[in-house]
Amino acid sequence: MPSHDDFLDDSPELSSSPGVQSGAPAPAAKRARPPARDGGRVTGQPGFVLHSYPYKETSLIVDMFTRDHGRIGLVAKGAKRPLSKLRGVLQTFQPLSVSWSGKSELRTLIDAEWVGGMLPLERTALLCGFYLNELLVKLLARDDRHPALFDHYVSTLNQLAHGEPAQIVLRKFERALLKETGVAADLSRCTTTRSRVEPGLDYVVDPEKGAREAGSGEVWPVVSGKTLLDMEREDYADPATQAQSKQLMRFLLAHQLNGQPLNTRQILIDLMQL
């Protein structure tokens, strides 16, 4: 029987129709209208709710991931009122067209419309989605645009919704996130010799520098050169690559998070104890 840790790793570290390929453009991204600006006003911007929490009696503060403006904070005034049109729209994993105004750290949400075109996440895929959102909230700076990562996020949600293997889909997204934020080293080169990584040798990955040959008594995860080369070309077909990349990405993400735990991981642990 799989251990708690095995379950955590294969159906994320938390928290797309048939034929959708990794990295394929997603429906929501295709149909999105180009953003319009009027001073501090932005209209028709593709976005997803990452997280929201109550603000005053009737409002919400929404952490939104947008295609052309990155992660932004929005005040959704009156969104908690029973008759507010925003009440049923500001849901996670739903493609939205968002409009807001303001130039401060917290803008004012003007409108949000559901775009559609994506299947909902269910069961394990839903937990995976919350894991993705927590990574984005904790690792992306506000107002730092990442359009390629946004497209990858949409593609990842589609793949999860259509039942593609979570352990592979998540590894690809984790790697893309580190690349987009400028902290992912080239895994195909040894940093000490600058020679190409050899499939038959063992390596460790320094989070600040990159791969080097493993020595005796290493405390960092030791992985094969083949695993590093597979990760660089996004080939996770080998079960050994899946297992080793899981441990390596956990280590690299923990470094970037400065040891800050991921709440979604604890959720899965708690569920396994029920």
# chains A, B, ... in the order shown; residues from 1 in each chain; ligands from 1
$ residues_around --residues "region 83-99 of chain A" --least-positions-apart "6" --cutoff "6 Å" --atoms "only C-alpha atoms" --output "ChimeraX atom specification"
/A:42-49,110-115
$ write_last_selection --atoms "N, CA and C atoms" --output "tab-separated table (two decimals), in the first residue's frame"
chain	number	residue	atom	x	y	z
A	42	VAL	N	-7.84	49.14	-16.67
A	42	VAL	CA	-7.56	48.02	-17.56
A	42	VAL	C	-8.87	47.27	-17.78
A	43	THR	N	-9.18	46.94	-19.03
A	43	THR	CA	-10.42	46.22	-19.33
A	43	THR	C	-10.13	44.98	-20.16
A	44	GLY	N	-10.96	43.96	-19.98
A	44	GLY	CA	-10.89	42.76	-20.80
A	44	GLY	C	-9.63	41.96	-20.64
A	45	GLN	N	-9.07	41.91	-19.44
A	45	GLN	CA	-7.82	41.19	-19.21
A	45	GLN	C	-8.09	39.74	-18.79
A	46	PRO	N	-7.50	38.75	-19.48
A	46	PRO	CA	-7.67	37.36	-19.07
A	46	PRO	C	-7.06	37.14	-17.68
A	47	GLY	N	-7.78	36.44	-16.82
A	47	GLY	CA	-7.27	36.22	-15.47
A	47	GLY	C	-7.94	35.06	-14.76
A	48	PHE	N	-7.28	34.63	-13.68
A	48	PHE	CA	-7.79	33.57	-12.82
A	48	PHE	C	-7.66	34.00	-11.37
A	49	VAL	N	-8.66	33.66	-10.56
A	49	VAL	CA	-8.56	33.88	-9.12
A	49	VAL	C	-7.61	32.86	-8.52
A	110	ILE	N	-13.60	46.36	-11.26
A	110	ILE	CA	-14.77	46.98	-11.89
A	110	ILE	C	-15.74	45.91	-12.37
A	111	ASP	N	-15.21	44.88	-13.00
A	111	ASP	CA	-16.08	43.85	-13.57
A	111	ASP	C	-15.28	42.57	-13.76
A	112	ALA	N	-15.98	41.45	-13.70
A	112	ALA	CA	-15.39	40.14	-13.99
A	112	ALA	C	-16.44	39.30	-14.68
A	113	GLU	N	-16.10	38.75	-15.84
A	113	GLU	CA	-17.04	37.93	-16.59
A	113	GLU	C	-16.43	36.55	-16.83
A	114	TRP	N	-17.26	35.54	-16.68
A	114	TRP	CA	-16.82	34.17	-16.93
A	114	TRP	C	-16.65	33.97	-18.43
A	115	VAL	N	-15.52	33.42	-18.83
A	115	VAL	CA	-15.22	33.21	-20.26
A	115	VAL	C	-15.67	31.83	-20.71
$ select_by_dssp --residues "region 49-221 of chain A" --states "helix (DSSP H, G or I)" --output "number ranges by chain"
A: 123-139, 147-161, 166-180
$ write_last_selection --atoms "C-alpha atoms" --output "mmCIF file, in the first residue's frame"
data_model
loop_
_atom_site.group_PDB
_atom_site.id
_atom_site.type_symbol
_atom_site.label_atom_id
_atom_site.label_comp_id
_atom_site.auth_asym_id
_atom_site.auth_seq_id
_atom_site.Cartn_x
_atom_site.Cartn_y
_atom_site.Cartn_z
ATOM 1 C CA ARG A 123 -11.041 15.250 -6.848
ATOM 2 C CA THR A 124 -7.244 14.927 -7.077
ATOM 3 C CA ALA A 125 -7.076 17.397 -9.969
ATOM 4 C CA LEU A 126 -8.741 19.994 -7.739
ATOM 5 C CA LEU A 127 -6.093 19.519 -5.041
ATOM 6 C CA CYS A 128 -3.427 19.845 -7.721
ATOM 7 C CA GLY A 129 -4.990 23.128 -8.803
ATOM 8 C CA PHE A 130 -4.838 24.538 -5.280
ATOM 9 C CA TYR A 131 -1.187 23.483 -5.143
ATOM 10 C CA LEU A 132 -0.470 25.427 -8.344
ATOM 11 C CA ASN A 133 -2.228 28.487 -6.942
ATOM 12 C CA GLU A 134 -0.287 28.379 -3.699
ATOM 13 C CA LEU A 135 2.996 28.174 -5.597
ATOM 14 C CA LEU A 136 2.045 31.210 -7.686
ATOM 15 C CA VAL A 137 0.966 33.245 -4.654
ATOM 16 C CA LYS A 138 4.156 32.476 -2.752
ATOM 17 C CA LEU A 139 6.712 32.620 -5.569
ATOM 18 C CA PRO A 147 2.490 35.815 -20.108
ATOM 19 C CA ALA A 148 4.249 32.544 -21.011
ATOM 20 C CA LEU A 149 3.710 31.204 -17.497
ATOM 21 C CA PHE A 150 0.054 32.273 -17.657
ATOM 22 C CA ASP A 151 -0.402 30.243 -20.833
ATOM 23 C CA HIS A 152 1.373 27.304 -19.195
ATOM 24 C CA TYR A 153 -0.958 27.598 -16.187
ATOM 25 C CA VAL A 154 -4.037 27.450 -18.437
ATOM 26 C CA SER A 155 -2.604 24.473 -20.301
ATOM 27 C CA THR A 156 -1.803 22.740 -17.001
ATOM 28 C CA LEU A 157 -5.365 23.196 -15.715
ATOM 29 C CA ASN A 158 -6.677 21.715 -18.952
ATOM 30 C CA GLN A 159 -4.376 18.709 -18.694
ATOM 31 C CA LEU A 160 -5.361 18.062 -15.070
ATOM 32 C CA ALA A 161 -9.058 18.388 -15.908
ATOM 33 C CA ALA A 166 -0.602 14.632 -12.190
ATOM 34 C CA GLN A 167 2.968 13.703 -11.258
ATOM 35 C CA ILE A 168 4.134 14.576 -14.782
ATOM 36 C CA VAL A 169 1.946 17.649 -15.303
ATOM 37 C CA LEU A 170 3.045 19.157 -11.980
ATOM 38 C CA ARG A 171 6.754 18.542 -12.570
ATOM 39 C CA LYS A 172 6.537 20.404 -15.878
ATOM 40 C CA PHE A 173 4.729 23.334 -14.286
ATOM 41 C CA GLU A 174 7.155 23.528 -11.352
ATOM 42 C CA ARG A 175 10.077 23.639 -13.742
ATOM 43 C CA ALA A 176 8.379 26.291 -15.904
ATOM 44 C CA LEU A 177 7.700 28.395 -12.801
ATOM 45 C CA LEU A 178 11.348 28.330 -11.722
ATOM 46 C CA LYS A 179 12.464 29.170 -15.269
ATOM 47 C CA GLU A 180 10.043 32.099 -15.554
#
$ closest_residue --among "A:Leu262, A:Leu109, A:Leu50, A:Leu140" --to "Ala76 (chain A)" --atoms "only C-alpha atoms"
A:Leu109
$ residues_around --residues "region 210-213 of chain A" --least-positions-apart "4" --cutoff "7 Å" --atoms "only C-alpha atoms" --output "compact mmCIF listing (two decimals) with all heavy atoms, in the first residue's frame"
# COMPACT_ATOMS: atom_id res chain seq x y z
N ALA A 185 18.43 26.64 -13.17
CA ALA A 185 19.69 26.47 -13.90
C ALA A 185 19.52 25.48 -15.05
O ALA A 185 18.56 24.70 -15.09
CB ALA A 185 20.77 25.97 -12.94
N ASP A 186 20.43 25.52 -15.99
CA ASP A 186 20.47 24.55 -17.09
C ASP A 186 20.90 23.21 -16.50
O ASP A 186 22.02 23.06 -16.01
CB ASP A 186 21.48 25.03 -18.14
CG ASP A 186 21.58 24.08 -19.32
OD1 ASP A 186 20.90 23.03 -19.33
OD2 ASP A 186 22.36 24.38 -20.25
N LEU A 187 20.02 22.22 -16.56
CA LEU A 187 20.30 20.92 -15.97
C LEU A 187 21.14 20.03 -16.88
O LEU A 187 21.52 18.94 -16.47
CB LEU A 187 18.99 20.21 -15.62
CG LEU A 187 18.11 20.90 -14.58
CD1 LEU A 187 16.84 20.09 -14.34
CD2 LEU A 187 18.87 21.11 -13.28
N ARG A 189 24.12 20.84 -18.08
CA ARG A 189 25.53 21.17 -17.96
C ARG A 189 25.99 21.06 -16.51
O ARG A 189 25.28 21.47 -15.59
CB ARG A 189 25.80 22.59 -18.44
CG ARG A 189 25.62 22.78 -19.94
CD ARG A 189 26.76 22.18 -20.73
NE ARG A 189 26.50 22.20 -22.17
CZ ARG A 189 27.33 21.67 -23.05
NH1 ARG A 189 28.45 21.09 -22.65
NH2 ARG A 189 27.04 21.71 -24.34
N CYS A 190 27.18 20.50 -16.31
CA CYS A 190 27.79 20.43 -15.00
C CYS A 190 28.45 21.77 -14.70
O CYS A 190 29.25 22.26 -15.51
CB CYS A 190 28.81 19.29 -14.95
SG CYS A 190 29.69 19.14 -13.38
N THR A 191 28.12 22.38 -13.58
CA THR A 191 28.62 23.73 -13.29
C THR A 191 30.10 23.76 -12.97
O THR A 191 30.76 24.79 -13.15
CB THR A 191 27.85 24.34 -12.10
OG1 THR A 191 27.99 23.49 -10.97
CG2 THR A 191 26.38 24.49 -12.44
N THR A 192 30.66 22.67 -12.48
CA THR A 192 32.07 22.67 -12.10
C THR A 192 32.99 22.45 -13.28
O THR A 192 34.12 22.96 -13.32
CB THR A 192 32.34 21.60 -11.03
OG1 THR A 192 31.85 20.33 -11.50
CG2 THR A 192 31.65 21.95 -9.73
N ASP A 202 26.03 10.27 -11.32
CA ASP A 202 25.11 10.84 -10.33
C ASP A 202 25.47 12.29 -10.05
O ASP A 202 26.65 12.67 -10.00
CB ASP A 202 25.17 10.03 -9.03
CG ASP A 202 24.50 8.68 -9.16
OD1 ASP A 202 23.63 8.52 -10.02
OD2 ASP A 202 24.86 7.76 -8.39
N TYR A 203 24.44 13.10 -9.80
CA TYR A 203 24.62 14.53 -9.59
C TYR A 203 23.75 15.03 -8.44
O TYR A 203 22.77 14.38 -8.05
CB TYR A 203 24.23 15.31 -10.86
CG TYR A 203 25.09 15.02 -12.07
CD1 TYR A 203 24.83 13.91 -12.88
CD2 TYR A 203 26.18 15.83 -12.38
CE1 TYR A 203 25.63 13.64 -13.99
CE2 TYR A 203 26.97 15.57 -13.49
CZ TYR A 203 26.70 14.47 -14.29
OH TYR A 203 27.49 14.20 -15.38
N VAL A 204 24.14 16.19 -7.92
CA VAL A 204 23.25 16.97 -7.07
C VAL A 204 23.08 18.33 -7.75
O VAL A 204 23.91 18.73 -8.57
CB VAL A 204 23.80 17.15 -5.63
CG1 VAL A 204 23.87 15.81 -4.92
CG2 VAL A 204 25.17 17.84 -5.66
N VAL A 205 22.00 19.02 -7.41
CA VAL A 205 21.74 20.33 -8.01
C VAL A 205 21.80 21.40 -6.93
O VAL A 205 20.98 21.41 -6.00
CB VAL A 205 20.36 20.36 -8.71
CG1 VAL A 205 20.10 21.75 -9.29
CG2 VAL A 205 20.30 19.31 -9.81
N ASP A 206 22.79 22.27 -7.05
CA ASP A 206 22.89 23.42 -6.15
C ASP A 206 21.81 24.42 -6.56
O ASP A 206 21.78 24.85 -7.72
CB ASP A 206 24.28 24.05 -6.30
CG ASP A 206 24.53 25.19 -5.31
OD1 ASP A 206 23.59 25.96 -5.05
OD2 ASP A 206 25.67 25.32 -4.83
$ atom_distance --atom1 "CA of Thr58 (chain A)" --atom2 "CA of Arg81 (chain A)"
5.8 Å
$ select_by_dssp --residues "region 25-262 of chain A" --states "strand (DSSP E or B)" --output "ChimeraX atom specification"
/A:36-38,41-55,59-66,70-76,92,96-101,106-114,142,189-190,196,202-206,210-213,223-224
$ atom_distance --atom1 "CA of Ile72 (chain A)" --atom2 "CA of Asp143 (chain A)"
5.8 Å
$ atom_distance --atom1 "CA of Thr227 (chain A)" --atom2 "CA of Thr241 (chain A)"
4.9 Å
$ closest_residue --among "A:His162, A:Arg145, A:Lys80, A:Lys209" --to "Lys56 (chain A)" --atoms "only C-alpha atoms"
A:Lys80
$ closest_residue --among "A:Ala254, A:Leu228, A:Ser104, A:Glu164" --to "Leu121 (chain A)" --atoms "only C-alpha atoms"
A:Glu164
